[in-house]
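Peer 1: protein-v9.cif is reproduced in full below (mmCIF, C-alpha atoms).
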```
data_structure
#
loop_
_atom_site.label_atom_id
_atom_site.label_comp_id
_atom_site.auth_asym_id
_atom_site.auth_seq_id
_atom_site.Cartn_x
_atom_site.Cartn_y
_atom_site.Cartn_z
CA MET A 1 121.55 138.20 90.18
CA LEU A 2 122.38 138.71 93.86
CA ASN A 3 126.06 138.34 94.64
CA ILE A 4 127.30 136.84 97.88
CA GLY A 5 131.04 136.84 98.41
CA GLY A 6 132.95 133.57 98.11
CA LEU A 7 134.20 131.75 101.17
CA HIS A 8 137.84 131.63 102.14
CA GLU A 9 137.18 128.71 104.46
CA GLY A 10 133.92 126.98 105.35
CA VAL A 11 131.05 124.90 104.09
CA VAL A 12 128.48 125.52 101.38
CA ILE A 13 125.27 123.52 101.54
CA ASP A 14 124.06 123.58 97.97
CA HIS A 15 121.05 122.22 96.05
CA ILE A 16 118.66 122.61 98.97
CA LYS A 17 115.07 122.30 97.81
CA ALA A 18 113.75 125.87 97.34
CA GLY A 19 112.13 127.06 100.54
CA GLY A 20 113.95 124.58 102.76
CA ALA A 21 116.97 126.60 103.86
CA MET A 22 115.47 127.85 107.12
CA GLN A 23 114.49 124.34 108.14
CA ILE A 24 118.05 123.14 107.56
CA TYR A 25 119.35 126.22 109.38
CA ASN A 26 117.19 125.36 112.38
CA TYR A 27 117.96 121.62 112.40
CA LEU A 28 121.72 122.29 112.20
CA ASP A 29 121.33 124.87 114.97
CA LEU A 30 123.24 127.41 112.90
CA GLU A 31 121.92 130.20 115.09
CA LYS A 32 124.65 129.23 117.53
CA VAL A 33 127.43 129.52 114.95
CA ASP A 34 129.55 132.55 115.72
CA THR A 35 130.65 133.28 112.16
CA SER A 36 129.00 134.58 109.01
CA VAL A 37 126.13 132.48 107.71
CA ALA A 38 124.46 133.43 104.41
CA ILE A 39 121.08 132.04 103.48
CA ILE A 40 120.28 132.35 99.80
CA LYS A 41 116.71 131.57 98.89
CA ASN A 42 115.29 130.83 95.45
CA ALA A 43 118.61 131.05 93.63
CA LYS A 44 118.45 130.15 89.94
CA SER A 45 119.48 126.58 89.20
CA SER A 46 119.85 124.89 85.84
CA LYS A 47 119.05 121.49 87.40
CA MET A 48 116.37 122.44 89.89
CA GLY A 49 114.89 125.67 88.53
CA LYS A 50 115.12 127.24 91.97
CA LYS A 51 117.19 126.20 94.96
CA ASP A 52 118.32 127.41 98.36
CA ILE A 53 121.95 127.64 99.46
CA ILE A 54 123.53 128.09 102.89
CA LYS A 55 127.10 129.37 103.18
CA ILE A 56 128.85 129.01 106.52
CA GLU A 57 132.15 130.77 107.01
CA ALA A 58 133.64 128.20 109.36
CA PRO A 59 134.93 124.64 108.99
CA ILE A 60 132.03 123.19 110.94
CA THR A 61 131.08 119.52 111.17
CA VAL A 62 127.80 118.89 109.44
CA ASP A 63 125.68 115.83 110.29
CA LEU A 64 125.35 114.14 106.91
CA ASP A 65 122.74 111.67 108.22
CA LEU A 66 120.51 114.52 109.25
CA LEU A 67 120.84 116.22 105.87
CA ALA A 68 120.14 112.91 104.13
CA VAL A 69 116.90 112.48 106.05
CA LEU A 70 115.83 116.07 105.39
CA ASP A 71 116.87 116.34 101.72
CA SER A 72 119.07 113.72 100.09
CA ASN A 73 119.65 115.87 96.98
CA ILE A 74 121.83 118.29 98.92
CA THR A 75 125.49 118.78 97.97
CA LEU A 76 128.08 119.81 100.52
CA ASN A 77 131.11 121.76 99.34
CA PHE A 78 134.02 122.07 101.78
CA ILE A 79 136.10 125.17 101.09
CA GLU A 80 139.71 125.78 102.07
CA ASN A 81 141.86 128.66 100.82
CA ASP A 82 139.08 129.80 98.47
CA LYS A 83 138.86 126.39 96.76
CA ILE A 84 136.47 123.47 96.96
CA VAL A 85 138.61 120.71 98.44
CA ARG A 86 135.88 118.12 98.88
CA LYS A 87 132.28 117.50 97.89
CA ALA A 88 129.90 115.22 99.73
CA HIS A 89 126.48 113.86 98.86
CA PRO A 90 124.56 112.44 101.80
CA ASN A 91 123.46 108.81 101.50
CA LEU A 92 120.23 107.69 103.10
CA PRO A 93 121.20 105.87 106.32
CA ASP A 94 119.26 102.69 107.17
CA LYS A 95 118.70 103.93 110.69
CA VAL A 96 119.10 107.26 112.50
CA THR A 97 119.21 107.72 116.24
CA ASN A 98 118.52 110.92 118.17
CA ILE A 99 118.67 113.02 115.00
CA ILE A 100 114.96 113.48 114.45
CA LYS A 101 112.21 113.10 117.02
CA CYS A 102 108.96 111.17 117.02
CA LYS A 103 106.02 113.54 117.43
CA ASN A 104 103.33 110.88 117.94
CA PRO A 105 101.79 111.62 121.37
CA ARG A 106 100.83 107.93 121.66
CA CYS A 107 104.44 106.77 121.19
CA ILE A 108 106.42 105.41 124.14
CA THR A 109 109.13 107.99 123.36
CA SER A 110 106.68 110.69 124.55
CA ASP A 111 106.28 109.04 127.98
CA PRO A 112 108.10 111.08 130.65
CA CYS A 113 108.75 107.86 132.62
CA GLU A 114 111.00 106.56 129.84
CA ARG A 115 114.01 108.66 130.64
CA GLY A 116 116.86 108.45 128.16
CA LEU A 117 114.93 106.50 125.55
CA GLN A 118 116.53 107.17 122.18
CA HIS A 119 114.47 108.36 119.23
CA THR A 120 115.30 105.91 116.45
CA PHE A 121 113.90 105.90 112.93
CA LYS A 122 114.43 103.28 110.24
CA LEU A 123 114.33 103.72 106.48
CA THR A 124 111.26 101.76 105.34
CA ASP A 125 110.90 103.07 101.79
CA PRO A 126 114.18 104.24 100.21
CA LYS A 127 112.49 105.26 96.95
CA ASN A 128 110.24 107.76 98.68
CA ARG A 129 112.72 108.52 101.52
CA ILE A 130 110.29 107.41 104.21
CA TYR A 131 111.57 107.00 107.74
CA ARG A 132 109.42 105.48 110.48
CA CYS A 133 109.80 105.46 114.26
CA ILE A 134 110.91 101.95 115.31
CA TYR A 135 108.51 102.05 118.27
CA CYS A 136 105.22 103.29 116.81
CA ASP A 137 105.85 103.22 113.01
CA GLN A 138 104.93 106.91 112.77
CA LYS A 139 106.28 108.45 109.58
CA PHE A 140 108.74 111.34 109.88
CA LYS A 141 107.11 114.27 108.10
CA GLY A 142 109.88 116.85 108.31
CA GLN A 143 111.45 116.23 104.89
CA LEU A 144 111.81 119.18 102.54
CA MET B 1 115.77 84.26 122.90
CA ARG B 2 112.86 85.47 120.78
CA HIS B 3 110.30 88.20 121.38
CA ILE B 4 107.01 88.71 119.55
CA ILE B 5 106.40 92.42 119.17
CA SER B 6 104.82 92.58 115.72
CA PRO B 7 102.81 89.97 113.79
CA LEU B 8 105.64 90.05 111.24
CA ASP B 9 108.22 88.85 113.77
CA LEU B 10 107.28 85.33 112.68
CA SER B 11 108.00 84.23 109.13
CA VAL B 12 105.20 82.47 107.27
CA ASP B 13 106.85 79.11 108.00
CA GLU B 14 107.22 79.92 111.69
CA LEU B 15 103.65 81.19 111.80
CA ASN B 16 102.41 77.99 110.19
CA ASP B 17 104.40 75.95 112.73
CA VAL B 18 102.77 77.85 115.62
CA LEU B 19 99.30 77.45 114.07
CA ASP B 20 99.90 73.73 113.50
CA LEU B 21 101.02 73.33 117.11
CA ALA B 22 97.94 75.26 118.28
CA GLY B 23 95.77 72.91 116.24
CA ARG B 24 97.43 69.87 117.85
CA ILE B 25 96.91 71.36 121.33
CA TYR B 26 93.26 72.10 120.48
CA ARG B 27 92.66 68.48 119.51
CA ASP B 28 94.55 66.95 122.47
CA PRO B 29 94.95 69.51 125.28
CA LYS B 30 95.70 66.91 127.95
CA ARG B 31 98.89 65.95 126.19
CA TYR B 32 100.24 69.46 126.79
CA SER B 33 98.89 70.01 130.29
CA LYS B 34 102.24 69.69 132.10
CA VAL B 35 104.77 70.99 129.60
CA CYS B 36 105.28 74.30 131.49
CA ASP B 37 105.36 72.74 134.95
CA GLY B 38 107.34 75.01 137.29
CA MET B 39 107.40 77.93 134.88
CA LYS B 40 105.84 81.37 135.31
CA LEU B 41 104.19 83.85 132.96
CA ALA B 42 104.20 87.52 134.02
CA THR B 43 101.22 89.47 132.71
CA LEU B 44 102.19 93.15 132.77
CA PHE B 45 99.00 94.96 131.83
CA TYR B 46 99.28 98.76 132.02
CA GLU B 47 95.86 99.05 130.36
CA PRO B 48 92.61 97.25 131.23
CA SER B 49 91.82 94.05 129.36
CA THR B 50 89.52 91.11 129.92
CA ARG B 51 89.99 88.62 127.12
CA THR B 52 93.67 89.06 126.41
CA ARG B 53 94.88 88.89 129.99
CA LEU B 54 92.60 86.04 130.98
CA SER B 55 93.41 84.23 127.76
CA PHE B 56 97.15 84.48 128.46
CA GLU B 57 96.69 83.37 132.05
CA THR B 58 94.45 80.47 131.02
CA ALA B 59 96.98 79.49 128.35
CA MET B 60 99.83 79.29 130.86
CA MET B 61 97.71 77.43 133.42
CA ASN B 62 96.57 74.97 130.73
CA LEU B 63 100.25 74.24 130.09
CA GLY B 64 100.82 73.51 133.78
CA GLY B 65 102.56 76.82 134.56
CA ASN B 66 101.79 79.66 136.95
CA VAL B 67 101.01 83.33 136.44
CA LEU B 68 101.81 86.57 138.22
CA GLY B 69 101.45 90.23 137.27
CA PHE B 70 99.32 93.34 137.45
CA SER B 71 96.20 94.44 135.60
CA SER B 72 96.54 98.22 135.45
CA ALA B 73 99.29 100.83 135.57
CA SER B 74 97.92 102.15 138.86
CA CYS B 75 98.67 98.76 140.48
CA SER B 76 102.29 98.82 139.36
CA SER B 77 105.42 100.85 139.98
CA ALA B 78 104.57 102.81 136.83
CA SER B 79 102.37 104.90 139.15
CA LYS B 80 105.60 105.85 140.95
CA GLY B 81 107.27 106.78 137.67
CA GLU B 82 109.19 103.57 136.99
CA SER B 83 110.18 103.08 133.37
CA VAL B 84 109.23 100.05 131.31
CA ALA B 85 112.94 99.31 130.92
CA ASP B 86 113.40 99.07 134.70
CA THR B 87 110.19 97.13 135.29
CA ILE B 88 111.09 94.42 132.79
CA ARG B 89 114.60 94.08 134.22
CA ILE B 90 113.01 93.36 137.60
CA VAL B 91 110.34 91.02 136.24
CA SER B 92 113.01 89.07 134.32
CA ASN B 93 114.20 87.89 137.74
CA TYR B 94 110.78 86.53 138.67
CA ALA B 95 109.24 84.97 135.56
CA ASP B 96 110.21 82.86 132.54
CA ILE B 97 108.16 84.76 129.95
CA CYS B 98 106.09 87.93 129.90
CA ALA B 99 103.02 89.28 128.12
CA MET B 100 102.82 93.08 128.11
CA ARG B 101 99.94 95.38 127.28
CA HIS B 102 100.66 99.10 127.35
CA TYR B 103 98.77 102.23 126.37
CA LYS B 104 101.87 103.65 124.66
CA GLU B 105 102.84 102.39 121.23
CA GLY B 106 106.21 100.67 121.20
CA ALA B 107 106.39 99.96 124.95
CA PRO B 108 106.82 96.18 124.44
CA LEU B 109 109.71 96.86 122.05
CA VAL B 110 111.39 98.92 124.76
CA ALA B 111 110.80 96.02 127.17
CA ALA B 112 112.29 93.53 124.70
CA LYS B 113 115.50 95.58 124.49
CA TYR B 114 116.10 95.26 128.24
CA SER B 115 114.45 91.94 129.01
CA GLY B 116 116.12 88.73 130.08
CA ILE B 117 112.99 86.72 129.18
CA PRO B 118 110.85 86.50 126.02
CA VAL B 119 108.39 89.40 125.71
CA ILE B 120 105.05 89.00 123.97
CA ASN B 121 103.26 92.17 122.92
CA ALA B 122 99.71 91.83 124.23
CA GLY B 123 98.65 95.10 122.58
CA ASP B 124 100.42 98.48 122.50
CA GLY B 125 97.94 101.33 122.12
CA GLY B 126 96.51 101.45 118.63
CA HIS B 127 99.61 99.86 117.16
CA ASN B 128 100.15 96.07 117.21
CA HIS B 129 98.39 93.10 118.74
CA PRO B 130 100.17 90.02 117.39
CA THR B 131 98.43 87.40 119.54
CA GLN B 132 95.04 88.66 118.37
CA THR B 133 96.32 88.19 114.84
CA LEU B 134 97.49 84.70 115.72
CA THR B 135 94.02 84.04 117.15
CA ASP B 136 92.35 85.35 113.98
CA LEU B 137 94.59 83.25 111.75
CA LEU B 138 94.05 80.10 113.82
CA THR B 139 90.28 80.62 113.72
CA MET B 140 90.28 81.00 109.94
CA LYS B 141 92.71 78.12 109.39
CA GLU B 142 90.81 75.71 111.62
CA LEU B 143 87.37 76.62 110.29
CA LYS B 144 88.24 77.21 106.63
CA GLY B 145 90.92 74.53 106.37
CA SER B 146 93.48 76.89 104.82
CA LEU B 147 94.63 80.50 104.89
CA GLU B 148 95.04 80.64 101.12
CA GLY B 149 92.59 82.13 98.64
CA LEU B 150 90.37 83.93 101.16
CA THR B 151 88.37 87.08 100.41
CA ILE B 152 88.31 88.93 103.71
CA GLY B 153 85.98 91.83 104.46
CA LEU B 154 87.26 94.20 107.15
CA CYS B 155 84.45 96.33 108.53
CA GLY B 156 84.21 99.24 110.95
CA ASP B 157 87.12 101.21 112.34
CA LEU B 158 89.91 100.52 109.87
CA LYS B 159 91.81 103.68 110.83
CA PHE B 160 92.57 103.07 114.49
CA GLY B 161 91.83 99.32 114.62
CA ARG B 162 95.16 97.67 115.38
CA THR B 163 93.72 94.18 114.88
CA VAL B 164 92.80 95.10 111.33
CA HIS B 165 96.27 96.51 110.55
CA SER B 166 97.96 93.44 112.00
CA LEU B 167 95.65 91.07 110.13
CA ILE B 168 96.39 92.80 106.84
CA ASN B 169 100.14 92.60 107.49
CA ALA B 170 99.89 88.89 108.23
CA MET B 171 97.46 87.87 105.47
CA VAL B 172 99.19 89.65 102.57
CA ARG B 173 101.82 86.90 102.82
CA TYR B 174 99.32 84.15 101.95
CA PRO B 175 98.59 83.56 98.26
CA GLY B 176 95.18 84.40 96.88
CA THR B 177 94.19 86.82 99.66
CA LYS B 178 91.79 89.61 98.69
CA PHE B 179 90.54 92.38 100.94
CA VAL B 180 87.29 94.31 100.93
CA LEU B 181 87.67 97.36 103.16
CA ILE B 182 84.32 98.53 104.53
CA ALA B 183 84.47 101.78 106.51
CA PRO B 184 83.03 105.31 106.70
CA ASP B 185 85.27 107.94 105.10
CA GLU B 186 86.58 109.12 108.48
CA LEU B 187 87.70 105.64 109.52
CA LYS B 188 89.23 104.41 106.27
CA ILE B 189 92.43 102.44 106.34
CA PRO B 190 95.60 104.60 106.56
CA THR B 191 97.14 105.32 103.16
CA TYR B 192 100.53 103.89 104.17
CA LEU B 193 99.01 100.44 104.63
CA LYS B 194 97.83 100.57 101.05
CA THR B 195 101.04 101.92 99.53
CA GLU B 196 103.57 100.12 101.72
CA THR B 197 101.80 96.79 102.26
CA LEU B 198 98.84 95.98 99.99
CA ASP B 199 100.45 97.46 96.87
CA VAL B 200 103.89 96.03 97.65
CA TYR B 201 102.46 92.50 97.94
CA HIS B 202 100.12 93.10 94.95
CA VAL B 203 97.11 92.14 97.03
CA PRO B 204 93.80 93.13 95.40
CA TYR B 205 91.53 95.26 97.54
CA LYS B 206 88.55 97.52 97.20
CA GLU B 207 87.11 100.15 99.50
CA THR B 208 83.42 100.64 100.05
CA GLY B 209 80.95 102.21 102.42
CA ASN B 210 78.23 99.64 101.67
CA LEU B 211 78.34 96.42 103.70
CA GLU B 212 75.25 94.80 102.11
CA GLU B 213 76.62 95.20 98.60
CA VAL B 214 79.84 93.27 99.27
CA LEU B 215 78.59 90.65 101.75
CA PRO B 216 77.86 87.96 99.10
CA GLU B 217 81.47 87.86 97.92
CA LEU B 218 83.15 87.41 101.32
CA ASP B 219 84.65 84.23 102.80
CA VAL B 220 85.34 86.00 106.08
CA LEU B 221 83.75 89.14 107.55
CA TYR B 222 85.95 90.68 110.23
CA MET B 223 83.83 93.14 112.23
CA THR B 224 85.45 95.72 114.52
CA ARG B 225 84.27 98.08 117.19
CA VAL B 226 84.63 101.84 116.84
CA GLN B 227 86.91 102.39 119.81
CA GLN B 228 85.95 105.31 122.02
CA GLU B 229 89.37 105.30 123.71
CA ARG B 230 91.12 106.14 120.41
CA PHE B 231 89.14 109.38 119.85
CA PHE B 232 90.27 112.72 121.22
CA ASN B 233 86.85 114.18 120.36
CA GLU B 234 83.73 112.50 121.77
CA GLU B 235 81.45 114.10 119.16
CA ASP B 236 83.28 112.24 116.41
CA TYR B 237 82.94 108.97 118.30
CA ILE B 238 79.19 109.38 118.79
CA ARG B 239 78.71 110.25 115.13
CA LEU B 240 80.63 107.22 113.88
CA LYS B 241 80.06 104.48 116.43
CA ASP B 242 77.03 102.92 114.74
CA SER B 243 78.24 103.22 111.14
CA PHE B 244 77.87 99.51 110.38
CA ILE B 245 75.64 97.04 112.17
CA LEU B 246 75.51 93.40 111.13
CA ASP B 247 72.12 91.86 111.85
CA ARG B 248 70.31 88.67 110.85
CA ALA B 249 68.73 90.30 107.76
CA LYS B 250 72.08 91.42 106.39
CA LEU B 251 73.68 88.07 107.22
CA ASN B 252 71.13 86.40 104.92
CA LEU B 253 72.98 88.04 102.02
CA ALA B 254 76.21 86.22 102.89
CA LYS B 255 77.52 82.84 101.76
CA GLU B 256 76.39 79.83 103.79
CA ASP B 257 79.95 79.16 104.91
CA MET B 258 81.11 82.73 105.49
CA LEU B 259 82.71 83.27 108.90
CA VAL B 260 81.95 86.31 111.06
CA LEU B 261 84.93 87.17 113.25
CA HIS B 262 85.26 89.94 115.81
CA PRO B 263 88.19 90.61 118.16
CA LEU B 264 85.64 91.58 120.88
CA PRO B 265 84.41 93.36 122.91
CA ARG B 266 81.35 93.85 120.73
CA ILE B 267 79.16 96.89 121.32
CA ASN B 268 76.42 97.54 118.72
CA GLU B 269 78.17 96.46 115.54
CA ILE B 270 76.85 92.90 115.66
CA ALA B 271 73.22 92.49 116.70
CA THR B 272 72.64 89.76 119.24
CA ASP B 273 70.27 87.97 116.82
CA VAL B 274 73.36 86.96 114.85
CA ASP B 275 74.95 85.13 117.79
CA ASP B 276 73.28 81.77 117.26
CA ASP B 277 73.94 81.68 113.52
CA PRO B 278 76.59 79.00 112.80
CA ARG B 279 78.57 81.58 110.80
CA ALA B 280 79.05 83.72 113.92
CA VAL B 281 82.30 82.33 115.28
CA TYR B 282 83.51 85.21 117.45
CA PHE B 283 83.01 83.38 120.73
CA LYS B 284 84.73 80.31 119.32
CA GLN B 285 87.46 82.68 118.14
CA ALA B 286 88.09 83.71 121.77
CA LYS B 287 88.52 80.02 122.59
CA TYR B 288 91.02 79.58 119.77
CA GLY B 289 92.89 82.53 121.28
CA VAL B 290 93.84 80.42 124.28
CA TYR B 291 95.28 77.67 122.05
CA ALA B 292 97.13 80.19 119.90
CA ARG B 293 98.73 81.68 123.02
CA MET B 294 99.57 78.22 124.40
CA ALA B 295 101.38 77.43 121.17
CA LEU B 296 103.21 80.75 121.19
CA ILE B 297 104.31 80.37 124.83
CA MET B 298 105.63 76.86 124.07
CA THR B 299 107.44 78.11 120.99
CA LEU B 300 109.12 81.05 122.72
CA LEU B 301 110.11 78.91 125.71
CA GLU B 302 111.46 76.34 123.22
CA ILE B 303 109.50 73.56 124.85
CA PRO B 304 109.64 70.36 122.80
CA GLU B 305 106.62 68.36 121.78
CA PRO B 306 105.72 66.12 124.78
CA GLN B 307 106.38 62.39 124.48
#
```
Now, as a test, write the supplied structure out as structure tokens.
Peer 2:
Amino acid sequence: MLNIGGLHEGVVIDHIKAGGAMQIYNYLDLEKVDTSVAIIKNAKSSKMGKKDIIKIEAPITVDLDLLAVLDSNITLNFIENDKIVRKAHPNLPDKVTNIIKCKNPRCITSDPCERGLQHTFKLTDPKNRIYRCIYCDQKFKGQL
Amino acid sequence: MRHIISPLDLSVDELNDVLDLAGRIYRDPKRYSKVCDGMKLATLFYEPSTRTRLSFETAMMNLGGNVLGFSSASCSSASKGESVADTIRIVSNYADICAMRHYKEGAPLVAAKYSGIPVINAGDGGHNHPTQTLTDLLTMKELKGSLEGLTIGLCGDLKFGRTVHSLINAMVRYPGTKFVLIAPDELKIPTYLKTETLDVYHVPYKETGNLEEVLPELDVLYMTRVQQERFFNEEDYIRLKDSFILDRAKLNLAKEDMLVLHPLPRINEIATDVDDDPRAVYFKQAKYGVYARMALIMTLLEIPEPQ
């Protein structure tokens, strides 16, 4: 088993669906983080079989709504002084604004005239985690 | 203040109230001919339209009101880059109610967020067209006597056809509705409409590519045009445009009291030899559209029943 050192202080994003770590990395814009970031892919998991993990060595603020939309099974572990001080499980928000973008070219949000129009999605099917654009009803397809 | 952006913005009770009012107007139009005296409807049409725009304008004039507006984006400030949000804020100063057609899906919802007057979606791209749905429901209710227990065949472009999607969303709420979905494989109804609407409401439906086979079981046949403007690839359009053609011979397979509806414009999908059959009600349907819009305008402007 590959060993990655523990964190003294930071955030561990655990139970990411196997293969999804890079997508989370990109959505959270972790490229801009100036500290160590470890991406562990296909780690063994008793619950999931395989999972991805991201370890960030900094007490960053993570957008729980975004993680909920992408993968609601994720667990966040907040580390201080080598210990987990808090765990968080994202809940599916009823509505998200300017977190994900509508990619339907026929949607009003794609019209360059509509400056400043917010991209808003609503949860239409909680069981299957389906979010739809409030303007065109296009389904968000970026989930892990 | 209410807006009508989606056919589901009206509850079944509210929808029935509007349809009942439309029926009363249809039977006694003179009684309603002055109820909007001094009021103005703005028709903001960013996309060409014949029936819908003229139907809205006729509706407002029949109620004693006036109309103003534009009939294409090139005739409006949109050509200078003005946003829908800004346009509606301006128009709110001029008119009492507005009907908006836009080529972008969701544009009327944007307008509603910034509007000081009721906004009616008169069609937003391939998305919603609630007043067409109201027209379709009024036609079926007036000619069938009820919206309950109908077996409705939807034929043609069920993928891009917004009138079909809206009609399904509206009719699943009436008991006893069954759908027969008649389309080529490439233009089948989107899966989400099946899983998130038909299945949720437990509405029976079947899909077929054979119009003749299912014609005898239908109470209503809703024909649609394969819309060239919704295709990115012209080859696909040419291949699919004549998939289903209803002619006199096929109509002989249908019930004597089946209704043939069509949102129009019709291209080849209904042969002209069907037009004089009493079951062909698509031109009458366009007439009902005026009464449906009159009733909706009165409802949104909260105009009471005249004395």
Peer 1: Could you tell me which residues of chain B sit within 10 Å of chain A when counting all atoms listed in the file, and give me the result as a ChimeraX atom specification?
Peer 2: /B:5,78-86,102-110,124-128,192,196,230
Peer 1: For B:Asp157, list every protein, DNA or RNA residue within 10 Å, evaluated using only C-alpha atoms, and leave out those in the same chain fewer than 2 positions away; present the list as an MDAnalysis selection string.
Peer 2: chainID B and resid 154:155 159:164 181:184 186:189 223:227 240:241 243:244
Peer 1: I'd like the contact shell of B:Gly69 - 8 Å cut-off, all atoms listed in the file, skipping same-chain residues fewer than 4 positions apart - returned as an MDAnalysis selection string.
Peer 2: chainID B and resid 42:45
Peer 1: Kindly resolve the PyMOL selection byres ((chain A and resi 92) around 7) on the present coordinates and return the residues as a PyMOL selection string.
Peer 2: chain A and resi 65+68-69+72+90-91+93-94
Peer 1: Nearest residue to B:Phe283 out of B:Arg173, B:Lys34, B:Arg51, B:Arg24, using all atoms listed in the file?
Peer 2: B:Arg51
Peer 1: Rank nothing, just name the residue among B:Ser115, B:Ser77, B:Ser6, B:Thr272 nearest to B:Pro130, using all atoms listed in the file.
Peer 2: B:Ser6
Peer 1: Considering all atoms listed in the file, state which residue in the set A:Lys32, A:Lys47, A:Lys122, A:Lys41 is at the smallest distance from A:Ala18.
Peer 2: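 Closest residue, counting all atoms listed in the file: A:Lys41.
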Peer 1: Evaluate the PyMOL selection byres ((chain B and resi 52-56) around 12) against this structure - the residues, as an MDAnalysis selection string, please.
Peer 2: chainID B and resid 40:51 57:63 65:72 97:101 120:123 129:133 135 263:265 285:297
Peer 1: Take the residues just selected and output them with C-alpha atoms as a short mmCIF file (atom, residue, chain, number, x, y, z; two decimals), in the frame of the given file.
Peer 2:
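Heads up, here's the output in again22.cif:
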```
data_model
loop_
_atom_site.label_atom_id
_atom_site.label_comp_id
_atom_site.auth_asym_id
_atom_site.auth_seq_id
_atom_site.Cartn_x
_atom_site.Cartn_y
_atom_site.Cartn_z
CA LYS B 40 105.84 81.37 135.31
CA LEU B 41 104.19 83.85 132.96
CA ALA B 42 104.20 87.52 134.02
CA THR B 43 101.22 89.47 132.71
CA LEU B 44 102.19 93.15 132.77
CA PHE B 45 99.00 94.96 131.83
CA TYR B 46 99.28 98.76 132.02
CA GLU B 47 95.86 99.05 130.36
CA PRO B 48 92.61 97.25 131.23
CA SER B 49 91.82 94.05 129.36
CA THR B 50 89.52 91.11 129.92
CA ARG B 51 89.99 88.62 127.12
CA GLU B 57 96.69 83.37 132.05
CA THR B 58 94.45 80.47 131.02
CA ALA B 59 96.98 79.49 128.35
CA MET B 60 99.83 79.29 130.86
CA MET B 61 97.71 77.43 133.42
CA ASN B 62 96.57 74.97 130.73
CA LEU B 63 100.25 74.24 130.09
CA GLY B 65 102.56 76.82 134.56
CA ASN B 66 101.79 79.66 136.95
CA VAL B 67 101.01 83.33 136.44
CA LEU B 68 101.81 86.57 138.22
CA GLY B 69 101.45 90.23 137.27
CA PHE B 70 99.32 93.34 137.45
CA SER B 71 96.20 94.44 135.60
CA SER B 72 96.54 98.22 135.45
CA ILE B 97 108.16 84.76 129.95
CA CYS B 98 106.09 87.93 129.90
CA ALA B 99 103.02 89.28 128.12
CA MET B 100 102.82 93.08 128.11
CA ARG B 101 99.94 95.38 127.28
CA ILE B 120 105.05 89.00 123.97
CA ASN B 121 103.26 92.17 122.92
CA ALA B 122 99.71 91.83 124.23
CA GLY B 123 98.65 95.10 122.58
CA HIS B 129 98.39 93.10 118.74
CA PRO B 130 100.17 90.02 117.39
CA THR B 131 98.43 87.40 119.54
CA GLN B 132 95.04 88.66 118.37
CA THR B 133 96.32 88.19 114.84
CA THR B 135 94.02 84.04 117.15
CA PRO B 263 88.19 90.61 118.16
CA LEU B 264 85.64 91.58 120.88
CA PRO B 265 84.41 93.36 122.91
CA GLN B 285 87.46 82.68 118.14
CA ALA B 286 88.09 83.71 121.77
CA LYS B 287 88.52 80.02 122.59
CA TYR B 288 91.02 79.58 119.77
CA GLY B 289 92.89 82.53 121.28
CA VAL B 290 93.84 80.42 124.28
CA TYR B 291 95.28 77.67 122.05
CA ALA B 292 97.13 80.19 119.90
CA ARG B 293 98.73 81.68 123.02
CA MET B 294 99.57 78.22 124.40
CA ALA B 295 101.38 77.43 121.17
CA LEU B 296 103.21 80.75 121.19
CA ILE B 297 104.31 80.37 124.83
#
```
Peer 1: Would you pick out the contacts of A:Leu30 at 12 Å or less, using all atoms listed in the file, so that residues sharing its chain but fewer than 4 positions from it are not included, and give the list as a list in words?
Peer 2: Ala21, Met22, Gln23, Ile24, Tyr25, Asn26, Asp34, Thr35, Ser36, Val37, Ala38, Ile39, Ile54, Lys55, Ile56, Glu57, Ala58, Ile60, Thr61 and Val62 of chain A
Peer 1: Work out how far apart atom CA of A:Leu64 and atom CA of A:Arg129 are and give it in Å to one decimal.
Peer 2: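 Atom CA of A:Arg129 lies 14.8 Å from atom CA of A:Leu64.
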Peer 1: Can you measure atom CA of B:Lys144 to atom CA of B:Tyr201 for me? One decimal in Å is fine.
Peer 2: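 Interatomic distance, atom CA of B:Lys144 to atom CA of B:Tyr201: 22.6 Å.
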Peer 1: Please measure the separation of atom CA of B:Leu158 and atom CA of B:Gln228, giving the value in Å to one decimal.
Peer 2: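 Atom-to-atom, atom CA of B:Leu158 and atom CA of B:Gln228 are spaced 13.6 Å apart.
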Peer 1: I would like the residues chosen by the PyMOL selection byres ((chain A and resi 15) around 7) on the shown file; could you give them as a list in words?
Peer 2: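 Expected selection for the PyMOL selection byres ((chain A and resi 15) around 7) here is Asp14, Ile16, Lys17, Lys51, Asp52, Ile53, Asn73, Ile74 and Thr75 of chain A.
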